[in-house]
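Asks: Input structure: structure_35.txt, which contains compact mmCIF, C-alpha atoms and all ligand atoms.
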# COMPACT_ATOMS: atom_id res chain seq x y z
CA MET Q 1 10.61 7.17 14.55
CA GLU Q 2 7.85 5.40 16.50
CA VAL Q 3 4.31 4.28 15.73
CA PRO Q 4 1.88 6.88 17.15
CA SER Q 5 0.19 4.71 19.78
CA CYS Q 6 -2.37 7.46 20.49
CA PHE Q 7 -4.31 6.33 17.40
CA LEU Q 8 -4.49 2.67 18.41
CA ASN Q 9 -7.36 0.90 20.07
CA GLY Q 10 -9.77 3.86 19.49
CA PRO Q 11 -12.30 5.40 19.19
CA ILE Q 12 -10.58 8.78 18.77
CA GLN Q 13 -12.51 12.00 18.15
CA CYS Q 14 -10.29 13.65 15.52
CA SER Q 15 -9.91 17.31 14.55
CA CYS Q 16 -11.00 16.29 11.02
CA GLY Q 17 -14.51 15.81 12.39
CA LYS Q 18 -14.54 12.02 12.24
CA VAL Q 19 -14.28 9.37 14.91
CA HIS Q 20 -11.40 7.04 14.01
CA VAL Q 21 -11.25 3.44 15.16
CA VAL Q 22 -8.06 1.40 14.70
CA PRO Q 23 -8.69 -1.94 16.42
CA ILE Q 24 -5.01 -2.81 17.01
CA LYS Q 25 -4.05 -2.97 20.68
CA LYS Q 26 -0.29 -2.78 20.47
CA ILE Q 27 2.51 -2.24 17.94
CA ALA Q 28 6.17 -2.61 18.88
CA VAL Q 29 9.41 -2.56 16.86
CA VAL Q 30 12.15 -3.77 19.21
CA ASN Q 31 15.21 -5.94 19.39
CA ASN Q 32 14.57 -9.39 20.91
CA ALA Q 33 10.87 -9.16 20.10
CA GLN Q 34 10.31 -12.64 21.58
CA TYR Q 35 10.40 -11.11 25.08
CA ALA Q 36 7.66 -8.59 24.25
CA ILE Q 37 5.58 -11.26 22.52
CA ALA Q 38 5.78 -13.62 25.51
CA GLU Q 39 4.78 -10.82 27.84
CA TYR Q 40 1.82 -9.91 25.64
CA LEU Q 41 0.64 -13.53 25.35
CA GLU Q 42 0.85 -13.98 29.08
CA ARG Q 43 -1.06 -10.78 29.81
CA SER Q 44 -3.74 -11.80 27.29
CA HIS Q 45 -3.95 -15.36 28.72
CA TYR Q 46 -3.05 -16.84 25.34
CA LEU Q 47 -1.33 -19.95 26.63
CA LYS Q 48 -1.75 -22.15 23.56
CA VAL Q 49 -0.99 -20.70 20.13
CA LEU Q 50 -0.32 -21.79 16.56
CA LEU Q 51 2.80 -20.34 14.92
CA VAL Q 52 2.50 -20.05 11.12
CA ALA Q 53 5.57 -19.37 8.95
CA ASP Q 54 7.31 -20.50 5.78
CA THR Q 55 10.78 -22.03 5.74
CA ASN Q 56 12.50 -18.66 5.18
CA THR Q 57 10.66 -16.82 7.92
CA TYR Q 58 10.95 -19.77 10.29
CA ASP Q 59 14.72 -19.52 9.81
CA ALA Q 60 14.64 -15.72 10.15
CA PHE Q 61 12.71 -15.56 13.43
CA GLY Q 62 10.21 -18.43 13.84
CA ARG Q 63 12.67 -20.83 15.45
CA THR Q 64 13.93 -18.22 17.93
CA LEU Q 65 10.37 -17.35 18.89
CA LEU Q 66 9.26 -20.99 19.20
CA ARG Q 67 12.14 -21.93 21.48
CA TYR Q 68 11.70 -18.92 23.70
CA LEU Q 69 7.95 -19.39 24.07
CA GLN Q 70 8.31 -23.12 24.76
CA GLY Q 71 10.99 -22.34 27.33
CA LYS Q 72 8.49 -20.04 29.03
CA GLY Q 73 5.92 -22.83 29.20
CA PHE Q 74 3.57 -21.76 26.39
CA GLY Q 75 1.95 -24.46 24.26
CA VAL Q 76 3.10 -23.69 20.71
CA ASP Q 77 2.28 -25.78 17.65
CA LEU Q 78 3.91 -25.18 14.29
CA CYS Q 79 2.50 -24.78 10.81
CA VAL Q 80 5.53 -24.20 8.55
CA PHE Q 81 5.05 -24.14 4.78
CA PRO Q 82 8.01 -25.95 3.25
CA ARG Q 83 8.24 -23.81 0.10
CA ARG Q 84 10.94 -21.15 -0.02
CA ASN Q 85 9.36 -19.39 -3.01
CA GLY Q 86 5.98 -18.88 -4.57
CA LEU Q 87 3.66 -19.72 -1.66
CA LEU Q 88 0.16 -18.59 -2.70
CA PRO Q 89 -2.67 -17.41 -0.42
CA ASP Q 90 -5.00 -19.93 -2.09
CA GLU Q 91 -7.54 -22.63 -1.17
CA GLY Q 92 -4.83 -25.20 -0.43
CA SER Q 93 -2.83 -22.98 1.92
CA VAL Q 94 -5.99 -21.84 3.72
CA ALA Q 95 -7.03 -25.49 4.17
CA THR Q 96 -3.64 -26.24 5.75
CA VAL Q 97 -3.96 -23.45 8.34
CA VAL Q 98 -7.68 -23.89 9.00
CA GLY Q 99 -7.18 -27.66 9.24
CA GLN Q 100 -4.67 -27.18 12.02
CA LEU Q 101 -6.90 -24.68 13.78
CA GLU Q 102 -9.70 -27.30 13.85
CA SER Q 103 -8.02 -29.10 16.72
CA ASP Q 104 -9.38 -27.01 19.54
CA GLY Q 105 -7.65 -25.19 22.30
CA TYR Q 106 -5.78 -22.45 20.38
CA GLN Q 107 -6.26 -19.01 21.85
CA SER Q 108 -4.41 -17.05 19.17
CA VAL Q 109 -2.37 -17.43 15.97
CA LEU Q 110 1.09 -15.97 15.35
CA ALA Q 111 1.86 -15.03 11.73
CA VAL Q 112 5.66 -14.98 11.38
CA GLY Q 113 6.42 -13.67 7.89
CA SER Q 114 5.59 -10.98 5.37
CA GLY Q 115 2.80 -10.55 2.81
CA VAL Q 116 1.46 -14.02 2.00
CA ILE Q 117 1.82 -15.48 5.51
CA ASN Q 118 -0.05 -12.50 6.98
CA ASP Q 119 -2.81 -12.67 4.37
CA LEU Q 120 -3.25 -16.39 4.99
CA VAL Q 121 -3.39 -16.06 8.76
CA ARG Q 122 -5.55 -12.93 8.66
CA TYR Q 123 -8.06 -14.80 6.53
CA SER Q 124 -7.90 -18.20 8.28
CA SER Q 125 -7.99 -16.88 11.86
CA PHE Q 126 -10.95 -14.65 10.93
CA ARG Q 127 -12.80 -17.69 9.61
CA LYS Q 128 -12.16 -19.52 12.88
CA SER Q 129 -13.01 -16.44 15.03
CA LEU Q 130 -9.55 -16.43 16.61
CA SER Q 131 -7.37 -13.39 17.23
CA TYR Q 132 -4.10 -13.13 15.36
CA ILE Q 133 -0.78 -11.50 16.13
CA SER Q 134 1.42 -10.32 13.28
CA VAL Q 135 5.17 -10.83 13.54
CA PRO Q 136 6.52 -9.17 10.36
CA THR Q 137 9.92 -10.32 9.14
CA ALA Q 138 10.47 -7.68 6.43
CA PRO Q 139 9.49 -4.02 5.83
CA SER Q 140 8.23 -5.02 2.39
CA MET Q 141 4.65 -3.70 2.09
CA ASP Q 142 2.04 -1.54 3.80
CA GLY Q 143 -0.57 -4.22 4.52
CA TYR Q 144 0.42 -5.49 7.99
CA ALA Q 145 -2.15 -3.32 9.77
CA SER Q 146 -4.86 -4.01 7.18
CA ASN Q 147 -8.18 -5.73 7.85
CA MET Q 148 -8.40 -7.02 4.27
CA ALA Q 149 -6.72 -10.17 2.98
CA ALA Q 150 -5.30 -10.37 -0.55
CA MET Q 151 -6.25 -13.91 -1.54
CA GLN Q 152 -6.14 -15.95 -4.71
CA PHE Q 153 -9.10 -18.27 -5.19
CA GLU Q 154 -9.80 -20.25 -8.37
CA GLY Q 155 -6.74 -18.54 -9.83
CA LEU Q 156 -8.20 -15.05 -9.35
CA LYS Q 157 -6.79 -12.36 -7.09
CA ILE Q 158 -9.47 -11.13 -4.73
CA THR Q 159 -9.54 -8.87 -1.69
CA SER Q 160 -11.49 -10.49 1.10
CA ALA Q 161 -12.84 -9.01 4.33
CA ALA Q 162 -10.86 -10.35 7.29
CA GLN Q 163 -9.54 -8.77 10.50
CA THR Q 164 -6.68 -6.53 11.61
CA PRO Q 165 -4.03 -8.17 13.78
CA GLU Q 166 -4.71 -7.69 17.47
CA ALA Q 167 -1.05 -6.72 17.89
CA ILE Q 168 2.07 -6.33 15.73
CA PHE Q 169 5.54 -7.17 17.05
CA ALA Q 170 8.54 -6.79 14.76
CA ASP Q 171 12.12 -7.65 15.64
CA LEU Q 172 14.32 -4.81 14.42
CA SER Q 173 17.38 -6.99 13.78
CA VAL Q 174 15.23 -9.37 11.69
CA LEU Q 175 13.78 -6.47 9.65
CA THR Q 176 17.29 -5.09 9.15
CA ALA Q 177 18.59 -8.45 7.88
CA SER Q 178 15.70 -9.06 5.45
CA PRO Q 179 16.53 -9.65 1.75
CA TYR Q 180 17.43 -6.44 -0.07
CA GLU Q 181 14.60 -6.85 -2.64
CA MET Q 182 12.15 -6.72 0.26
CA LEU Q 183 13.65 -3.47 1.55
CA GLN Q 184 13.46 -2.12 -2.02
CA SER Q 185 9.83 -3.21 -2.32
CA GLY Q 186 8.85 -1.61 0.96
CA PHE Q 187 10.67 1.56 -0.05
CA GLY Q 188 8.78 1.62 -3.37
CA ASP Q 189 5.43 1.16 -1.64
CA LEU Q 190 6.19 3.90 0.91
CA VAL Q 191 7.70 6.40 -1.50
CA GLY Q 192 4.58 6.13 -3.69
CA LYS Q 193 2.70 7.91 -0.89
CA VAL Q 194 4.23 11.20 -2.06
CA ILE Q 195 1.89 10.82 -5.03
CA SER Q 196 -1.16 9.37 -3.24
CA LEU Q 197 -1.01 12.11 -0.60
CA SER Q 198 -0.77 14.70 -3.40
CA ASP Q 199 -3.78 13.18 -5.17
CA TRP Q 200 -5.70 13.39 -1.90
CA VAL Q 201 -4.81 17.07 -1.44
CA LEU Q 202 -5.83 17.69 -5.05
CA ALA Q 203 -9.27 16.14 -4.45
CA ARG Q 204 -9.68 18.01 -1.20
CA THR Q 205 -8.70 21.39 -2.62
CA LEU Q 206 -10.67 21.15 -5.86
CA TYR Q 207 -13.70 19.11 -4.80
CA GLY Q 208 -13.85 19.28 -1.02
CA GLU Q 209 -13.17 15.57 -0.44
CA HIS Q 210 -12.92 14.66 3.25
CA PHE Q 211 -9.35 15.15 4.48
CA CYS Q 212 -7.61 14.26 7.75
CA GLN Q 213 -4.39 16.11 8.55
CA GLN Q 214 -3.47 13.59 11.27
CA SER Q 215 -3.65 10.66 8.85
CA TYR Q 216 -1.68 12.67 6.31
CA ASP Q 217 1.03 13.55 8.84
CA ILE Q 218 1.62 10.06 10.22
CA VAL Q 219 2.45 8.92 6.67
CA ALA Q 220 4.27 12.05 5.45
CA ARG Q 221 6.74 12.25 8.37
CA PRO Q 222 8.41 8.82 8.09
CA LEU Q 223 8.19 9.15 4.29
CA ALA Q 224 10.24 12.36 4.36
CA TYR Q 225 12.75 10.83 6.78
CA VAL Q 226 13.29 7.70 4.69
CA VAL Q 227 13.62 9.73 1.48
CA GLU Q 228 16.26 11.94 3.14
CA ASN Q 229 18.14 8.87 4.40
CA ALA Q 230 17.89 6.56 1.39
CA GLU Q 231 21.66 6.12 1.25
CA LYS Q 232 21.67 4.78 4.83
CA LEU Q 233 18.88 2.38 3.95
CA THR Q 234 21.17 0.74 1.38
CA GLN Q 235 23.61 0.21 4.27
CA ARG Q 236 20.79 -1.25 6.40
CA ASP Q 237 21.07 1.43 9.07
CA PRO Q 238 18.69 0.14 11.79
CA GLU Q 239 17.07 3.54 12.47
CA VAL Q 240 16.25 4.03 8.79
CA VAL Q 241 14.94 0.46 8.49
CA ARG Q 242 12.79 1.15 11.55
CA SER Q 243 11.46 4.36 9.96
CA LEU Q 244 10.68 2.53 6.73
CA PHE Q 245 8.74 -0.08 8.70
CA VAL Q 246 6.97 2.58 10.78
CA GLY Q 247 6.05 4.45 7.57
CA LEU Q 248 4.48 1.27 6.17
CA ILE Q 249 2.66 0.48 9.43
CA ASN Q 250 1.43 4.08 9.71
CA SER Q 251 0.14 3.83 6.14
CA GLY Q 252 -2.02 0.94 7.31
CA ILE Q 253 -3.16 2.94 10.34
CA ALA Q 254 -4.01 5.95 8.14
CA MET Q 255 -6.11 3.74 5.85
CA ALA Q 256 -7.89 2.24 8.87
CA MET Q 257 -8.55 5.77 10.21
CA ILE Q 258 -10.10 6.90 6.92
CA GLY Q 259 -11.87 3.60 6.31
CA ASN Q 260 -10.42 3.12 2.83
CA SER Q 261 -7.07 3.30 1.04
CA ARG Q 262 -7.35 7.00 -0.03
CA PRO Q 263 -4.24 8.28 1.83
CA CYS Q 264 -1.97 5.56 0.46
CA SER Q 265 -3.22 4.56 -2.97
CA GLY Q 266 -3.50 7.09 -5.79
CA SER Q 267 -2.45 7.32 -9.42
CA GLU Q 268 0.84 5.48 -8.72
CA HIS Q 269 -1.11 2.46 -7.42
CA HIS Q 270 -3.59 2.70 -10.29
CA CYS Q 271 -0.63 2.33 -12.70
CA SER Q 272 0.51 -0.73 -10.76
CA HIS Q 273 -3.03 -2.21 -10.84
CA TYR Q 274 -3.10 -1.62 -14.60
CA TRP Q 275 0.20 -3.51 -14.99
CA ASP Q 276 -1.14 -6.35 -12.83
CA LEU Q 277 -4.11 -6.53 -15.17
CA LEU Q 278 -1.81 -6.77 -18.20
CA ALA Q 279 0.09 -9.57 -16.46
CA TYR Q 280 -3.20 -11.32 -15.71
CA GLN Q 281 -4.11 -10.99 -19.42
CA GLY Q 282 -0.79 -12.70 -20.21
CA LYS Q 283 0.70 -9.56 -21.83
CA ARG Q 284 3.68 -9.23 -19.45
CA ASN Q 285 5.31 -10.92 -16.45
CA HIS Q 286 4.34 -10.11 -12.89
CA ALA Q 287 6.72 -7.93 -10.89
CA SER Q 288 6.69 -7.18 -7.16
CA HIS Q 289 4.05 -4.70 -6.00
CA GLY Q 290 6.49 -2.36 -4.27
CA LEU Q 291 8.86 -2.21 -7.23
CA GLN Q 292 5.96 -1.43 -9.57
CA VAL Q 293 4.69 1.32 -7.27
CA GLY Q 294 8.21 2.77 -6.95
CA TYR Q 295 8.63 2.70 -10.72
CA ALA Q 296 5.22 4.33 -11.23
CA THR Q 297 6.23 7.03 -8.76
CA TYR Q 298 9.10 8.03 -11.06
CA TRP Q 299 6.57 8.75 -13.77
CA MET Q 300 3.88 10.27 -11.61
CA LEU Q 301 6.21 12.87 -10.15
CA ARG Q 302 6.71 14.15 -13.69
CA PHE Q 303 2.95 14.67 -13.96
CA TYR Q 304 3.09 16.72 -10.77
CA ARG Q 305 5.95 18.78 -12.18
CA LYS Q 306 3.75 19.52 -15.20
CA LEU Q 307 0.94 20.53 -12.87
CA ALA Q 308 3.32 22.90 -11.08
CA GLU Q 309 4.08 24.56 -14.44
CA LEU Q 310 0.41 25.31 -15.22
CA ASP Q 311 -0.48 28.98 -14.61
CA VAL Q 312 -4.23 29.03 -14.94
CA LEU Q 313 -6.88 26.72 -13.54
CA ARG Q 314 -9.60 26.26 -16.14
CA LYS Q 315 -13.17 25.22 -15.44
CA PRO Q 316 -12.81 21.41 -15.69
CA LEU Q 317 -14.28 19.64 -18.71
CA GLU Q 318 -17.20 17.44 -17.76
CA LEU Q 319 -16.45 13.72 -17.43
CA GLN Q 320 -18.81 11.85 -19.73
CA VAL Q 321 -19.22 8.09 -19.73
CA THR Q 322 -19.97 7.71 -23.43
CA ASP Q 323 -21.21 4.68 -25.39
CA GLU Q 324 -17.85 4.68 -27.12
CA PHE Q 325 -16.12 4.34 -23.74
CA LYS Q 326 -18.49 1.57 -22.67
CA HIS Q 327 -17.78 -0.31 -25.87
CA TYR Q 328 -14.02 0.03 -25.36
CA ALA Q 329 -14.38 -1.10 -21.72
CA GLN Q 330 -16.29 -4.24 -22.77
CA GLU Q 331 -13.54 -5.06 -25.26
CA PHE Q 332 -10.56 -4.39 -23.02
CA TYR Q 333 -11.74 -5.27 -19.52
CA GLY Q 334 -14.00 -8.20 -20.43
CA ALA Q 335 -15.54 -9.57 -17.23
CA GLY Q 336 -14.31 -6.50 -15.32
CA ALA Q 337 -16.04 -4.00 -17.65
CA ASP Q 338 -19.16 -3.42 -15.54
CA GLU Q 339 -17.05 -2.51 -12.53
CA VAL Q 340 -14.94 -0.08 -14.60
CA ILE Q 341 -18.02 1.57 -16.13
CA GLN Q 342 -19.66 1.88 -12.71
CA ALA Q 343 -16.50 3.45 -11.26
CA GLN Q 344 -16.49 6.07 -14.02
CA CYS Q 345 -20.22 6.80 -13.55
CA ASP Q 346 -19.61 7.23 -9.80
CA LYS Q 347 -16.68 9.53 -10.49
CA ALA Q 348 -18.67 11.64 -12.97
CA ALA Q 349 -21.52 12.00 -10.46
CA TRP Q 350 -19.11 12.97 -7.66
CA LEU Q 351 -17.32 15.52 -9.84
CA SER Q 352 -20.52 17.23 -10.91
CA ALA Q 353 -21.98 17.21 -7.38
CA ASN Q 354 -18.86 19.00 -6.09
CA ALA Q 355 -18.06 21.20 -9.09
CA ALA Q 356 -18.92 24.38 -7.19
CA VAL Q 357 -15.91 24.03 -4.86
CA CYS Q 358 -13.60 24.02 -7.85
CA GLU Q 359 -14.93 27.30 -9.25
CA SER Q 360 -13.62 29.30 -6.33
CA VAL Q 361 -10.05 27.90 -6.42
CA GLN Q 362 -7.10 29.70 -8.08
CA MET Q 363 -4.05 27.86 -9.43
CA GLY Q 364 -1.84 29.65 -6.91
CA ALA Q 365 -3.87 28.24 -4.03
CA LEU Q 366 -3.67 24.75 -5.51
CA HIS Q 367 0.11 25.00 -5.86
CA ALA Q 368 0.36 26.24 -2.28
CA ALA Q 369 -1.74 23.33 -0.98
CA LEU Q 370 0.53 20.89 -2.82
CA GLN Q 371 3.77 22.58 -1.77
CA PRO Q 372 4.72 20.08 1.00
CA THR Q 373 4.84 17.20 -1.48
CA LEU Q 374 5.92 19.18 -4.57
CA SER Q 375 8.99 20.31 -2.64
CA MET Q 376 10.02 16.65 -2.16
CA LEU Q 377 9.88 15.51 -5.79
CA THR Q 378 13.55 15.94 -6.66
CA ARG Q 379 14.67 14.19 -3.48
CA VAL Q 380 12.22 11.35 -4.13
CA GLU Q 381 13.61 10.91 -7.63
CA GLN Q 382 17.18 10.79 -6.29
CA ALA Q 383 16.19 8.40 -3.50
CA LEU Q 384 14.60 5.95 -5.97
CA GLU Q 385 17.87 5.99 -7.90
CA THR Q 386 19.87 5.40 -4.72
CA ILE Q 387 17.75 2.41 -3.72
CA GLY Q 388 18.13 0.89 -7.17
CA ILE Q 389 14.60 1.33 -8.50
CA SER Q 390 15.62 2.30 -11.99
CA LYS Q 391 13.72 4.56 -14.39
CA ASP Q 392 14.93 2.29 -17.18
CA LEU Q 393 12.00 1.33 -19.43
CA ASN Q 394 12.79 -2.34 -18.93
CA PHE Q 395 12.85 -2.20 -15.14
CA VAL Q 396 9.42 -3.81 -14.75
CA GLY Q 397 9.14 -4.95 -18.36
CA LEU Q 398 7.11 -2.11 -19.91
CA ALA Q 399 7.66 -0.60 -23.35
CA LYS Q 400 6.78 3.03 -24.14
CA PRO Q 401 3.46 2.31 -25.91
CA VAL Q 402 2.34 0.33 -22.83
CA LEU Q 403 3.30 3.22 -20.56
CA ARG Q 404 1.33 5.58 -22.80
CA ASP Q 405 -1.75 3.35 -22.53
CA THR Q 406 -1.22 3.13 -18.78
CA PHE Q 407 -1.18 6.90 -18.31
CA LEU Q 408 -4.24 7.37 -20.51
CA HIS Q 409 -6.31 4.53 -19.05
CA ALA Q 410 -5.23 3.74 -15.45
CA LYS Q 411 -7.74 6.28 -14.13
CA GLU Q 412 -10.55 4.07 -15.46
CA LEU Q 413 -9.87 1.40 -12.85
CA ARG Q 414 -11.18 3.35 -9.86
CA ALA Q 415 -13.72 6.04 -8.98
CA ARG Q 416 -11.01 7.82 -6.97
CA TYR Q 417 -9.92 11.26 -8.27
CA THR Q 418 -6.20 11.60 -9.09
CA VAL Q 419 -3.83 13.82 -11.05
CA PHE Q 420 -4.82 11.89 -14.20
CA ASP Q 421 -8.41 13.09 -13.78
CA PHE Q 422 -7.11 16.58 -13.08
CA MET Q 423 -5.15 16.62 -16.35
CA GLN Q 424 -8.16 15.21 -18.19
CA GLY Q 425 -10.40 17.92 -16.72
CA GLN Q 426 -7.94 20.61 -17.80
CA GLY Q 427 -7.95 19.14 -21.32
CA VAL Q 428 -4.20 18.43 -21.22
CA LEU Q 429 -3.94 14.72 -20.41
CA GLU Q 430 -2.80 13.47 -23.82
CA VAL Q 431 -0.34 16.26 -24.46
CA THR Q 432 1.09 15.86 -20.94
CA VAL Q 433 1.46 12.09 -21.36
CA ASP Q 434 3.39 12.64 -24.59
CA GLN Q 435 5.61 15.29 -23.02
CA VAL Q 436 6.34 13.11 -19.99
CA LEU Q 437 7.27 10.16 -22.21
CA GLU Q 438 9.54 12.28 -24.41
CA GLU Q 439 11.56 13.86 -21.59
ZN ZN G 501 0.87 -0.63 -2.07
ZN ZN G 502 -9.00 12.54 11.33
If you convert what's in this file into C-alpha cells, what do you get?

Replies:
Amino acid sequence: MEVPSCFLNGPIQCSCGKVHVVPIKKIAVVNNAQYAIAEYLERSHYLKVLLVADTNTYDAFGRTLLRYLQGKGFGVDLCVFPRRNGLLPDEGSVATVVGQLESDGYQSVLAVGSGVINDLVRYSSFRKSLSYISVPTAPSMDGYASNMAAMQFEGLKITSAAQTPEAIFADLSVLTASPYEMLQSGFGDLVGKVISLSDWVLARTLYGEHFCQQSYDIVARPLAYVVENAEKLTQRDPEVVRSLFVGLINSGIAMAMIGNSRPCSGSEHHCSHYWDLLAYQGKRNHASHGLQVGYATYWMLRFYRKLAELDVLRKPLELQVTDEFKHYAQEFYGAGADEVIQAQCDKAAWLSANAAVCESVQMGALHAALQPTLSMLTRVEQALETIGISKDLNFVGLAKPVLRDTFLHAKELRARYTVFDFMQGQGVLEVTVDQVLEE
C-alpha cells in the first residue's frame, strides 16, 4: 500500500467538483530513510538544518540520521528533549525550539518523532517562517500531514494554525519496531474511520453534504486492508505496519483535500472529545487518543447495527436549541458553553436548510449507501479484539452511566452531523442508547 502521490503538491481538479490543494511535496515510507532524506535536502539546497527529537526518538532514528547527514557534509544541529515521558507542546518547549532557531542560517527543521515533537516543530517552524520535514517514528496518529498544531498553552489544550510538513519521510524498520501501545493507538485512530466515513455518507445521503469519493477511497482502502490483517499487525508484519501508516497519512491528506476533518472525525471522535473534557474537569484520567477512539468505535458500530435494523425512515424531528438546553450547557460546559450553543444553532440551521433532500430518501437507499462500511462492522469488532483494544468497561476508565451521558451528549460538542443526530431525528436516540448499553 502506497501513498497516492497524485494528490500531493496540487492543485487538483477533482471529480467531486472541488479543487484540492495538499501542499506536501513528497511522502516516502522506505527502509534506510536517511538516504532519501539526504537526497531531498540536497535537491532542496537545505544544507544547514536543525534536528528536533526526544531521547526515545533520537535513539530510535535521530542518531542514525544525524550521523549519516553529517557524513554527507550537511550542517546539522541537535535539539533533543531529555524527557522520555510526558513532554508537552507548551510554552517552555516552544521556547526551546524557537530559541535554537534564532541563531540564523537554518534552512529547514527535521522533526524526528511522533505526535508532540511534530506539533512542536510544526508550530515553531511556522513562527520562524521555516519549512519543516516530518520524520515519523511511529504509526500512532493521523496528524502527521496536518497543518494544525495541537498545543497546550496556559494549561489549556488548543489547536493552533501552523503549516503542513513540506515532506514526510518514514523509515519502515523504525515504524515496525515502535512500542506496541503506539501501534495500538494508530490502529484505534485508523479503525475509527469506519464510523467517521459512515457519518459522512449519512450526511451526504440525507442532507446533501459535500462528498468526495476520492478522499473517501484513499482512507477506506488501507483501513479495510489493516482490518483484514490485524493478526499480522500484532506480529509487526512490515507490510501491514506500512499500510497502517499509509492509512493514517492518507487520513491527513483526505482532511487537507476537504479542508476540514469531516472524513476522519465523526461520532467516535466526538465521544473521545467528550472523555477528554471529563478528564479536563478532573472526573477521570486521560487515556491515549487512539485507544479512546478505538474504544468508542466498539460502541459506535453498535449504533450503526441499530440503524441497519430500522425499516422506515421517518421525517426527522426538528432540532431545537431550547432555553432548557442553554441552561444545561452553561452548567456543564462552563466557559465552553457559548461554543457548544453556537454549534447546535449552526447544526439546526443547516438541518432545516437541507431538509428537502431528506424527504426524498427511502431507508433502503440509505442502507445501500452505507453498505461498504456496514459490511465491515463484524470484522472491525474482531480486529479491535485482536489488537487488544478491549470492550471492557474499564478499558479507558468509563463506567456505564458515563457512557450513557457520552452517547446522549457527545453530539453537542460539534455542529457536524453524525449517527447520534440521525437517531435523535428519528426519535430513537435514548432507547437506542439503552439497548446498546444493555447488549
Ligand atoms: Zn484521531
Ligand atoms: Zn474531491

Asks: Counting all atoms listed in the file, give me one row per residue of chain Q with an atom at most 7 Å from an atom of ligand ZN 501 (chain G), showing the shortest contact pair and its distance in Å to one decimal, sorted by chain then residue number, as JSON lines.

Replies:
{"residue": "Q:Met141", "atom": "CA", "partner": "G:ZN501", "partner_atom": "ZN", "distance": 6.4}
{"residue": "Q:Asp142", "atom": "CA", "partner": "G:ZN501", "partner_atom": "ZN", "distance": 6.1}
{"residue": "Q:Asp189", "atom": "CA", "partner": "G:ZN501", "partner_atom": "ZN", "distance": 4.9}
{"residue": "Q:Ser265", "atom": "CA", "partner": "G:ZN501", "partner_atom": "ZN", "distance": 6.7}
{"residue": "Q:His269", "atom": "CA", "partner": "G:ZN501", "partner_atom": "ZN", "distance": 6.5}
{"residue": "Q:His289", "atom": "CA", "partner": "G:ZN501", "partner_atom": "ZN", "distance": 6.5}
{"residue": "Q:Gly290", "atom": "CA", "partner": "G:ZN501", "partner_atom": "ZN", "distance": 6.3}
{"residue": "Q:Val293", "atom": "CA", "partner": "G:ZN501", "partner_atom": "ZN", "distance": 6.7}

Asks: Could you name the residues that touch Cys264 of chain Q at 7 Å or less, counting only C-alpha atoms, but leaving out those on the same chain fewer than 6 positions away, as a VMD selection string?

Replies: chain Q and resid 193 196 to 197 251

Asks: Looking at Q:Ile258, Q:Leu190, Q:Val396, Q:Ile27, which one is nearest to ligand ZN 502 (chain G), with distances taken over only C-alpha atoms and all ligand atoms?

Replies: Q:Ile258

Asks: Could you list the protein, DNA and RNA residues that have any atom within 7 Å of ligand ZN 502 (chain G), counting all atoms listed in the file, and write them as a PyMOL selection string?

Replies: chain Q and resi 14-18+20+212-215+257

Asks: So which residues touch Val109 of chain Q within 6 Å, counting only C-alpha atoms, skipping near sequence neighbours fewer than 3 positions away, as a PyMOL selection string?

Replies: chain Q and resi 49-50+132

Asks: What does the structure give for the distance between atom CA of Pro179 of chain Q and atom CA of Lys157 of chain Q, in Å to one decimal?

Replies: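 Computing the Euclidean distance for atom CA of Pro179 of chain Q and atom CA of Lys157 of chain Q yields 25.1 Å.
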